[in-house]
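Content type compact mmCIF, C-alpha atoms, from the file upload-v3.txt:
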# COMPACT_ATOMS: atom_id res chain seq x y z
CA MET L 1 28.99 8.49 43.48
CA LYS L 2 30.20 8.57 47.09
CA SER L 3 30.32 12.35 47.00
CA LEU L 4 26.73 12.47 45.72
CA ILE L 5 25.53 10.18 48.52
CA PHE L 6 27.42 12.30 51.05
CA LEU L 7 25.81 15.45 49.66
CA LEU L 8 22.30 13.96 49.89
CA LEU L 9 22.87 12.81 53.47
CA THR L 10 24.19 16.24 54.37
CA LEU L 11 21.11 17.92 52.91
CA LEU L 12 18.83 15.56 54.83
CA LEU L 13 20.66 16.27 58.07
CA LEU L 14 20.56 20.01 57.44
CA GLY L 15 16.83 19.77 56.78
CA ALA L 16 16.23 17.95 60.05
CA CYS L 17 18.41 20.46 61.93
CA GLY L 18 16.54 23.32 60.29
CA GLU L 19 13.23 21.90 61.45
CA ARG L 20 14.51 21.52 64.98
CA LEU L 21 15.83 25.08 65.03
CA SER L 22 12.70 26.64 63.56
CA GLY L 23 10.31 24.35 65.42
CA ARG L 24 8.17 24.06 62.30
CA VAL L 25 7.98 22.07 59.10
CA SER L 26 7.98 23.77 55.72
CA PRO L 27 4.63 24.61 54.06
CA GLU L 28 5.47 22.05 51.36
CA LYS L 29 6.01 19.29 53.89
CA LEU L 30 2.84 20.23 55.77
CA GLU L 31 0.94 20.04 52.48
CA ALA L 32 2.41 16.59 51.78
CA LEU L 33 1.41 15.39 55.25
CA ASP L 34 -2.10 16.70 54.69
CA ALA L 35 -2.30 14.88 51.35
CA LEU L 36 -1.31 11.66 53.12
CA ARG L 37 -3.93 12.33 55.78
CA ARG L 38 -6.64 12.69 53.15
CA SER L 39 -5.68 9.46 51.37
CA ASP L 40 -4.59 7.28 54.32
CA PRO L 41 -5.38 8.82 57.72
CA ALA L 42 -4.19 5.80 59.72
CA SER L 43 -0.72 6.03 58.14
CA ALA L 44 -0.81 9.80 58.58
CA VAL L 45 -1.29 9.41 62.34
CA ILE L 46 1.98 7.47 62.50
CA LYS L 47 3.87 9.94 60.30
CA LEU L 48 2.54 12.98 62.15
CA LYS L 49 3.47 11.57 65.54
CA GLN L 50 6.96 10.87 64.20
CA GLN L 51 7.15 14.44 62.91
CA LEU L 52 6.16 15.81 66.31
CA GLU L 53 9.18 14.11 67.82
CA VAL L 54 11.23 16.50 65.68
CA THR L 55 8.99 19.59 65.88
CA PRO L 56 6.91 19.22 69.06
CA ARG L 57 5.81 22.88 69.02
CA ASP L 58 4.40 22.92 65.49
CA ASP L 59 0.73 23.84 65.79
CA GLY L 60 0.15 22.95 62.13
CA VAL L 61 1.30 19.39 62.64
CA TRP L 62 -0.75 19.06 65.84
CA THR L 63 -3.80 20.28 63.92
CA LEU L 64 -3.25 17.75 61.13
CA LEU L 65 -2.87 15.03 63.75
CA GLY L 66 -6.24 16.10 65.15
CA HIS L 67 -7.77 15.84 61.68
CA ALA L 68 -6.22 12.41 61.14
CA TYR L 69 -7.48 11.11 64.49
CA GLU L 70 -10.92 12.45 63.67
CA ASP L 71 -10.82 10.70 60.29
CA VAL L 72 -10.28 7.36 62.04
CA ASP L 73 -12.96 8.11 64.68
CA GLN L 74 -10.56 8.57 67.59
CA ASP L 75 -12.29 11.70 68.81
CA GLU L 76 -10.71 11.91 72.27
CA GLU L 77 -7.25 11.83 70.72
CA ALA L 78 -8.37 14.37 68.10
CA GLU L 79 -9.56 16.77 70.81
CA ALA L 80 -6.28 16.43 72.70
CA ALA L 81 -4.33 17.21 69.51
CA TYR L 82 -6.48 20.26 68.72
CA ARG L 83 -6.09 21.53 72.29
CA LYS L 84 -2.32 21.18 72.01
CA ALA L 85 -2.35 23.12 68.73
CA LEU L 86 -4.40 25.90 70.34
CA GLU L 87 -2.16 25.96 73.41
CA ILE L 88 0.72 26.74 71.05
CA ASN L 89 -1.27 29.07 68.79
CA PRO L 90 -4.72 30.23 70.03
CA ARG L 91 -5.41 31.73 66.58
CA ARG L 92 -5.11 28.41 64.71
CA VAL L 93 -8.49 28.58 62.93
CA ASP L 94 -8.44 25.04 61.50
CA ALA L 95 -7.89 23.65 65.00
CA ILE L 96 -10.79 25.78 66.28
CA THR L 97 -12.98 24.47 63.47
CA GLY L 98 -11.82 20.93 64.26
CA MET L 99 -13.06 21.41 67.82
CA GLY L 100 -16.36 22.60 66.35
CA ILE L 101 -16.68 19.45 64.25
CA LEU L 102 -16.15 17.31 67.34
CA SER L 103 -18.83 19.28 69.19
CA ARG L 104 -21.20 18.83 66.26
CA LYS L 105 -20.61 15.06 66.21
CA ASN L 106 -21.56 14.97 69.90
CA GLY L 107 -24.77 16.89 69.27
CA LYS L 108 -23.50 20.07 70.96
CA TYR L 109 -24.66 22.38 68.21
CA ASP L 110 -24.52 25.70 70.07
CA GLU L 111 -21.00 24.89 71.21
CA ALA L 112 -20.04 23.93 67.65
CA MET L 113 -21.43 27.18 66.24
CA ALA L 114 -19.47 29.13 68.85
CA HIS L 115 -16.26 27.49 67.63
CA TYR L 116 -17.08 28.28 63.98
CA GLU L 117 -17.98 31.87 64.78
CA LYS L 118 -14.74 32.28 66.72
CA ALA L 119 -12.79 30.96 63.72
CA LEU L 120 -14.54 33.46 61.44
CA SER L 121 -13.87 36.32 63.86
CA LEU L 122 -10.17 35.53 63.50
CA ASP L 123 -10.32 34.91 59.75
CA PRO L 124 -13.49 36.02 57.93
CA SER L 125 -12.22 34.34 54.76
CA TYR L 126 -12.01 30.87 56.35
CA ALA L 127 -14.33 28.92 54.05
CA HIS L 128 -14.36 25.70 56.08
CA ALA L 129 -16.09 27.42 58.98
CA TYR L 130 -19.02 28.43 56.76
CA SER L 131 -19.12 24.95 55.27
CA SER L 132 -19.30 23.37 58.73
CA MET L 133 -22.04 25.81 59.75
CA THR L 134 -24.02 24.51 56.77
CA LEU L 135 -24.36 21.09 58.41
CA ILE L 136 -25.48 22.55 61.73
CA ALA L 137 -28.20 24.55 60.01
CA ILE L 138 -29.41 21.45 58.14
CA LYS L 139 -29.53 19.43 61.36
CA GLN L 140 -31.60 22.19 62.96
CA GLY L 141 -33.98 22.29 59.98
CA ASN L 142 -32.93 25.77 58.83
CA ASP L 143 -32.39 24.91 55.16
CA GLU L 144 -32.36 28.48 53.82
CA LYS L 145 -29.64 29.44 56.31
CA ALA L 146 -27.73 26.28 55.41
CA LEU L 147 -27.70 27.32 51.76
CA GLU L 148 -26.56 30.82 52.72
CA TYR L 149 -23.62 29.42 54.67
CA ALA L 150 -22.78 26.89 51.94
CA LYS L 151 -22.71 29.58 49.26
CA LYS L 152 -20.44 31.77 51.37
CA GLY L 153 -18.03 28.87 51.83
CA TYR L 154 -18.11 28.06 48.13
CA ASP L 155 -17.57 31.69 47.11
CA LEU L 156 -14.44 31.72 49.27
CA ASP L 157 -13.06 28.37 48.08
CA LYS L 158 -14.31 26.58 44.96
CA THR L 159 -11.48 24.04 44.95
CA ASP L 160 -12.12 22.11 48.16
CA PRO L 161 -14.19 18.95 47.49
CA VAL L 162 -15.83 18.92 50.94
CA ILE L 163 -16.98 22.54 50.59
CA VAL L 164 -18.41 21.78 47.14
CA ALA L 165 -20.12 18.60 48.43
CA ASN L 166 -21.69 20.50 51.34
CA LEU L 167 -23.10 23.02 48.87
CA ALA L 168 -24.58 20.10 46.93
CA VAL L 169 -26.21 18.84 50.12
CA ALA L 170 -27.58 22.30 50.90
CA TYR L 171 -29.10 22.45 47.42
CA HIS L 172 -30.66 19.03 48.03
CA TYR L 173 -32.39 20.09 51.24
CA ASN L 174 -33.66 23.19 49.45
CA ARG L 175 -35.04 20.94 46.68
CA MET L 176 -32.82 22.53 44.03
CA PHE L 177 -31.96 19.23 42.42
CA GLU L 178 -30.38 20.40 39.17
CA LEU L 179 -27.86 22.54 41.06
CA ARG L 180 -27.39 19.70 43.56
CA ASP L 181 -26.38 17.31 40.78
CA LYS L 182 -24.08 19.89 39.20
CA MET L 183 -22.23 20.45 42.47
CA THR L 184 -22.09 16.72 43.16
CA GLY L 185 -20.32 16.28 39.83
CA GLU L 186 -17.93 19.11 40.65
CA ALA L 187 -17.11 17.57 44.04
CA LYS L 188 -16.40 14.23 42.38
CA LYS L 189 -14.06 15.87 39.84
CA LEU L 190 -12.18 17.47 42.72
CA GLY L 191 -11.63 14.05 44.33
CA TYR L 192 -14.50 13.82 46.79
CA ASN L 193 -14.58 10.16 47.82
CA LYS L 194 -17.89 9.92 49.71
CA THR L 195 -20.29 10.21 46.79
CA GLU L 196 -22.03 6.99 47.91
CA ALA L 197 -23.04 8.75 51.12
CA LEU L 198 -24.33 11.70 49.11
CA GLN L 199 -26.49 9.41 47.00
CA LYS L 200 -27.93 7.82 50.16
CA ILE L 201 -28.86 11.27 51.40
CA TYR L 202 -30.45 12.09 48.05
CA THR L 203 -32.52 8.87 48.02
CA GLY L 204 -33.57 9.16 51.65
CA GLU L 205 -31.55 6.19 52.91
CA MET L 206 -29.59 8.59 55.09
CA THR L 207 -30.49 11.93 56.63
CA LEU L 208 -28.56 14.76 58.22
CA ARG L 209 -31.57 15.62 60.36
CA ASP L 210 -31.69 14.65 64.02

Go ahead and render the structure in this file as structure tokens.
Amino acid sequence: MKSLIFLLLTLLLLGACGERLSGRVSPEKLEALDALRRSDPASAVIKLKQQLEVTPRDDGVWTLLGHAYEDVDQDEEAEAAYRKALEINPRRVDAITGMGILSRKNGKYDEAMAHYEKALSLDPSYAHAYSSMTLIAIKQGNDEKALEYAKKGYDLDKTDPVIVANLAVAYHYNRMFELRDKMTGEAKKLGYNKTEALQKIYTGEMTLRD
């Protein structure tokens, strides 16, 4: 029993040392941190900050911290985290898109689109950029363009609940209600947890227009 405990402690220490030497967490650990961020962003902020004490130059962790801060409406902190990620890795497309989302929330639509277009210039297959562009187009009243962007995002990634939900919203604004309801159901199956907000948009209680 003592030897087993010793072995486990040794493995944990080796893992921590490996992270320090590489400066990065494993893809599996990053995925686990992202899952925590999606379910409990406030707890994720704490865990991600702790992780950055071990791997302070990990642009992936900085990006997730930006997402987590954004989830809890701490936008200044989110921007600082994204900027740190991009200082380390200027090609970090999810950090660039995160900056675009912050610009969109502040009504800076041209600036937001520039961020999304930059992300796509680095990675044309980055579905989240197209999905984010969908919301800008809706806000600007360009519903046909919104649907074009939403379909491109969906064609690239049919498994992300936010991308599927944004396609549902694009169908709604194009008055394609049967497809809207189908995509809403798909988003819910994938774990989308803001279906109440979608229903408010569909009934007119909420709008994405300015």

(request) Counting all atoms listed in the file, note down every residue that has an atom within 12 Å of the point (-19.4, 21.5, 65.4) (file coordinates), as JSON, numbers by chain. (result) {"L": [95, 96, 97, 98, 99, 100, 101, 102, 103, 104, 105, 106, 107, 108, 109, 110, 111, 112, 113, 114, 115, 116, 117, 118, 119, 128, 129, 130, 131, 132, 133, 134, 135, 136, 137, 139]}

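Pairwise distance (CA of Val164 (chain L), CA of Met183 (chain L)) equals 6.2 Å.
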
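CA of Lys194 (chain L) is found 16.8 Å from CA of His67 (chain L).
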
(request) Could you pull out every residue with an atom within 7 Å of (-6.3, 15.7, 65.1), file coordinates, counting all atoms listed in the file, and send them as a PyMOL selection string? (result) chain L and resi 62-70+77-79+81-82

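Taking CA of Lys145 (chain L) as the reference point, CA of Tyr171 (chain L) is found at 11.3 Å.
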
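If all atoms listed in the file are the atoms counted, then among L:Arg209, L:Lys189, L:Lys84, L:Arg37 the closest residue to Gln140 (chain L) is L:Arg209.
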
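You can rank L:Asp157, L:Asp210, L:Glu196, L:Glu87 by their closest distance to Asp59 (chain L) using only C-alpha atoms, and at the top of that list sits L:Glu87.
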
(request) Check the smallest atom-to-atom distance from each of L:Lys158, L:His172, L:Arg57, L:Arg92 to Leu190 (chain L) using all atoms listed in the file, then report the winner. (result) L:Lys158

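Closest approach to Ser26 (chain L) among L:Leu147, L:Met176, L:Val61, L:Ile88 is made by L:Val61 (distances from all atoms listed in the file).
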
(request) Would you mind telling me which residue in L:Ala187, L:Asp143, L:Gly60, L:Ala35 lies nearest to Arg175 (chain L) when using all atoms listed in the file? (result) L:Asp143
